[in-house]
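Have a look at the structure below before the remarks.
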Amino acid sequence: MSFNIDFLAWRKLALIVSSIFLVVSISSLFIKELNWGLDFTGGTLVELSYPNGAEIDSIRDTLRSEGFEGAQVANFGSNKEVLIKLPGTISDSLGSEIISLLKKQNVNEDIDLRRIEYVGPQIGSELRDDGGTAMLIALAFMMLYIAFRFQSRFAGAAVIALMHDVIIVVGIFSLLQIDFDLTVLAALLAVIGYSLNDTIVVSDRIRENIRAINSEDVNKIINTSLNQTLGRTIVTSMTTLLVLFSLYLLGGELIKNFALALIFGVIIGTYSSIYIAANALIMMGLSKDHLKEEEPENSDINNLP
């Protein structure tokens, strides 16, 4: 599959669009913050089942009037299933207490307690801190690997692309106030791996072409490299998204946010490996002279189209 797209003609526009997304994401993280799940805040999660459908607003009002401030109530899969999150509240009798309160509202309603889960606040804060540390360590080790495997400018470009992807994905979760729990954190680590893989493929082809193509125009070489790897990028992204959309639509509520974070991450990661990493290399002044000291070696992806 052969392409001849002038990607770099749009690089300034891409930089403006990415800057806007980054500003919006960071602003949302400061203003709205993340909607931390119980994994991080501590508290109680109660799942109830109603035989004839539940009135969410009525349940929310009842709980707040009884002193459960901050209670989050939402449907879970269908209008008959209700998920109640009570931050900071832990009690063995909480499930039966909530059912008793809600039955006062609808005396004849047969409410079924499906599950109840507790997370202590100390455990929640430790999970949050450890998760953030794990993400920073992953970024640091990946930067070291690329600097050793390629060249320092490639490492810088890759880390810029990775930070771009993570900040925007987290910003989307903050902006939309989607629950940020351990499954989403795991998805972010997977996004880092996916985005890095894409960036390495592009970087390897750029390095190979800088040595092979007899031209001093690095922009032209980078554009040629992006076109050569585009077929592989499209196939990989589309097949991955097909699986992720299947998980999102059919995998159930517990895995929905995980799949959603990965969907955002794959789309943004594919974009960043084309525009952000390439833009960063150009802005850092990559030239043929930077690779002259390296001994020629076989490319890791010689079989790319």
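Quick note on naming: the chains in the structure tokens go A, B, ... in the order shown, residues restart at 1 in each chain, and ligands are numbered from 1 in order of appearance.
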Find the residues around A:Ile146 up to 12 Å (only C-alpha atoms counted), leave out those fewer than 6 positions away in its own chain, and share them as a short mmCIF file (atom, residue, chain, number, x, y, z; two decimals) with N, CA and C atoms, in the first residue's frame.
```cif
data_model
loop_
_atom_site.label_atom_id
_atom_site.label_comp_id
_atom_site.auth_asym_id
_atom_site.auth_seq_id
_atom_site.Cartn_x
_atom_site.Cartn_y
_atom_site.Cartn_z
N LEU A 139 7.50 6.13 32.13
CA LEU A 139 7.96 7.17 31.20
C LEU A 139 9.47 7.33 31.24
N ALA A 140 10.06 7.30 32.45
CA ALA A 140 11.50 7.49 32.59
C ALA A 140 12.28 6.35 31.94
N SER A 152 19.32 10.81 21.43
CA SER A 152 18.65 11.60 22.47
C SER A 152 17.47 12.40 21.93
N ARG A 153 17.57 12.90 20.70
CA ARG A 153 16.46 13.68 20.13
C ARG A 153 15.24 12.80 19.92
N PHE A 154 15.43 11.56 19.51
CA PHE A 154 14.31 10.63 19.35
C PHE A 154 13.67 10.34 20.71
N ALA A 155 14.50 10.22 21.75
CA ALA A 155 13.97 9.97 23.09
C ALA A 155 13.12 11.14 23.55
N GLY A 156 13.62 12.36 23.35
CA GLY A 156 12.86 13.54 23.73
C GLY A 156 11.54 13.64 23.00
N ALA A 157 11.57 13.36 21.68
CA ALA A 157 10.34 13.42 20.88
C ALA A 157 9.33 12.38 21.34
N ALA A 158 9.81 11.17 21.67
CA ALA A 158 8.91 10.10 22.11
C ALA A 158 8.26 10.44 23.44
N VAL A 159 9.03 10.99 24.39
CA VAL A 159 8.47 11.33 25.69
C VAL A 159 7.48 12.49 25.57
N LEU A 196 4.11 4.32 22.50
CA LEU A 196 5.56 4.16 22.35
C LEU A 196 5.90 3.23 21.20
N ASN A 197 5.14 2.14 21.08
CA ASN A 197 5.37 1.18 20.00
C ASN A 197 5.23 1.87 18.63
N THR A 199 5.49 5.09 18.00
CA THR A 199 6.54 6.10 17.84
C THR A 199 7.87 5.46 17.48
N ILE A 200 8.16 4.29 18.07
CA ILE A 200 9.42 3.60 17.76
C ILE A 200 9.45 3.15 16.30
N VAL A 201 8.33 2.65 15.80
CA VAL A 201 8.26 2.22 14.40
C VAL A 201 8.56 3.40 13.47
N SER A 203 10.09 6.25 14.28
CA SER A 203 11.46 6.73 14.52
C SER A 203 12.49 5.85 13.83
N ASP A 204 12.28 4.54 13.85
CA ASP A 204 13.20 3.62 13.21
C ASP A 204 13.25 3.85 11.70
#
```
Based on the backbone DSSP call, show me all residues of stretch 103-301 of chain A assigned helix (DSSP H, G or I), as a ChimeraX atom specification. /A:103-105,121-149,152-176,182-212,218-250,253-274,276-283,288-291
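Residues surrounding A:Lys104 within 12 Å are Ser58, Ile59, Thr62, Leu63, Glu66, Glu97, Ile98, Asp110 and Ile111 of chain A [only C-alpha atoms; sequence separation below 6 positions excluded].
Among the candidates A:Leu226, A:Ile255, A:Leu48, A:Ala277, the one nearest to A:Asn4 when counting only C-alpha atoms is A:Leu226.
Residues surrounding A:Ile263 within 10 Å are Val169, Ala187, Val191, Ser237, Thr240, Leu241, Leu242, Val243, Leu244, Phe245, Tyr248, Asn257, Phe258, Ile268 and Gly269 of chain A [only C-alpha atoms; sequence separation below 5 positions excluded].
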Go ahead and write the selection's residues with N, CA, C and O atoms as a compact mmCIF listing (two decimals), in the first residue's frame.
```txt
# COMPACT_ATOMS: atom_id res chain seq x y z
N VAL A 169 -5.78 12.28 27.47
CA VAL A 169 -6.71 11.22 27.89
C VAL A 169 -7.23 11.51 29.30
O VAL A 169 -8.44 11.44 29.57
N ALA A 187 -5.37 1.22 31.98
CA ALA A 187 -5.51 1.57 30.56
C ALA A 187 -4.50 2.64 30.17
O ALA A 187 -3.94 2.59 29.06
N VAL A 191 -1.84 2.58 27.23
CA VAL A 191 -1.76 3.64 26.22
C VAL A 191 -0.31 4.06 26.02
O VAL A 191 0.15 4.27 24.89
N SER A 237 -4.05 0.26 14.19
CA SER A 237 -5.03 1.07 14.92
C SER A 237 -6.45 0.57 14.71
O SER A 237 -7.23 0.47 15.67
N THR A 240 -7.08 -2.78 16.50
CA THR A 240 -7.13 -2.54 17.95
C THR A 240 -8.43 -1.88 18.35
O THR A 240 -9.08 -2.27 19.33
N LEU A 241 -8.85 -0.86 17.59
CA LEU A 241 -10.10 -0.17 17.90
C LEU A 241 -11.31 -1.08 17.74
O LEU A 241 -12.29 -0.96 18.49
N LEU A 242 -11.25 -2.01 16.80
CA LEU A 242 -12.36 -2.96 16.62
C LEU A 242 -12.56 -3.78 17.89
O LEU A 242 -13.70 -3.97 18.35
N VAL A 243 -11.46 -4.25 18.46
CA VAL A 243 -11.54 -5.02 19.71
C VAL A 243 -12.04 -4.15 20.85
O VAL A 243 -12.89 -4.56 21.64
N LEU A 244 -11.52 -2.93 20.94
CA LEU A 244 -11.88 -2.04 22.04
C LEU A 244 -13.35 -1.61 21.99
O LEU A 244 -14.02 -1.54 23.03
N PHE A 245 -13.85 -1.33 20.80
CA PHE A 245 -15.27 -0.98 20.69
C PHE A 245 -16.16 -2.18 21.05
O PHE A 245 -17.23 -2.01 21.64
N TYR A 248 -16.16 -2.25 24.76
CA TYR A 248 -16.97 -1.15 25.30
C TYR A 248 -18.46 -1.46 25.19
O TYR A 248 -19.24 -1.21 26.12
N ASN A 257 -15.10 1.73 31.32
CA ASN A 257 -14.17 2.86 31.42
C ASN A 257 -12.77 2.48 30.97
O ASN A 257 -12.05 3.30 30.41
N PHE A 258 -12.39 1.24 31.22
CA PHE A 258 -11.09 0.73 30.75
C PHE A 258 -11.03 0.79 29.23
O PHE A 258 -10.06 1.29 28.64
N ILE A 268 -5.61 9.05 19.98
CA ILE A 268 -4.67 10.15 20.23
C ILE A 268 -3.23 9.70 20.01
O ILE A 268 -2.40 10.44 19.48
N GLY A 269 -2.91 8.45 20.40
CA GLY A 269 -1.56 7.92 20.22
C GLY A 269 -1.18 7.77 18.76
O GLY A 269 -0.03 8.03 18.37
```
Can you list every residue in stretch 117-227 of chain A that DSSP puts in strand (DSSP E or B), as a ChimeraX atom specification? /A:117-119,179-180
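All residues of protein, DNA or RNA that reach within 7 Å of A:Asp39, judged by only C-alpha atoms and not counting those fewer than 2 positions away in the chain, are Gly37, Thr41, Gly42, Val119, Gly124, Asp181 and Leu182 of chain A.
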Please save C-alpha atoms of the selected residues as a compact mmCIF listing (two decimals), in the first residue's frame.
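File produced: out.txt:
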```txt
# COMPACT_ATOMS: atom_id res chain seq x y z
CA GLY A 37 -13.38 6.29 41.86
CA THR A 41 -11.05 7.93 47.61
CA GLY A 42 -12.23 5.10 49.84
CA VAL A 119 -12.36 0.47 50.19
CA GLY A 124 -7.23 4.48 48.32
CA ASP A 181 -10.47 4.13 38.90
CA LEU A 182 -7.77 1.45 38.83
```
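Restricting the calculation to only C-alpha atoms, the smallest distance between A:Ile168 and any of A:Met284, A:Val23, A:Leu38, A:Met142 is found for A:Val23.
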For atom CA of A:Leu189 and atom CA of A:Ala161, quote the distance in Å rounded to one decimal. 14.1 Å
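Residues in contact with A:Lys12 at 10 Å, where only C-alpha atoms are counted and same-chain residues fewer than 4 positions away are skipped, are listed as Leu8, Ile16, Val17, Ser18, Tyr275 and Asn279 of chain A.
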Counting only C-alpha atoms, closest pick from A:Ser174, A:Thr133, A:Thr183, A:Ser25 relative to A:Leu254 is A:Thr183
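Comparing A:Ile210, A:Ser215, A:Ile282, A:Leu188 by their smallest distance to A:Leu262, the closest is A:Leu188 (using only C-alpha atoms).
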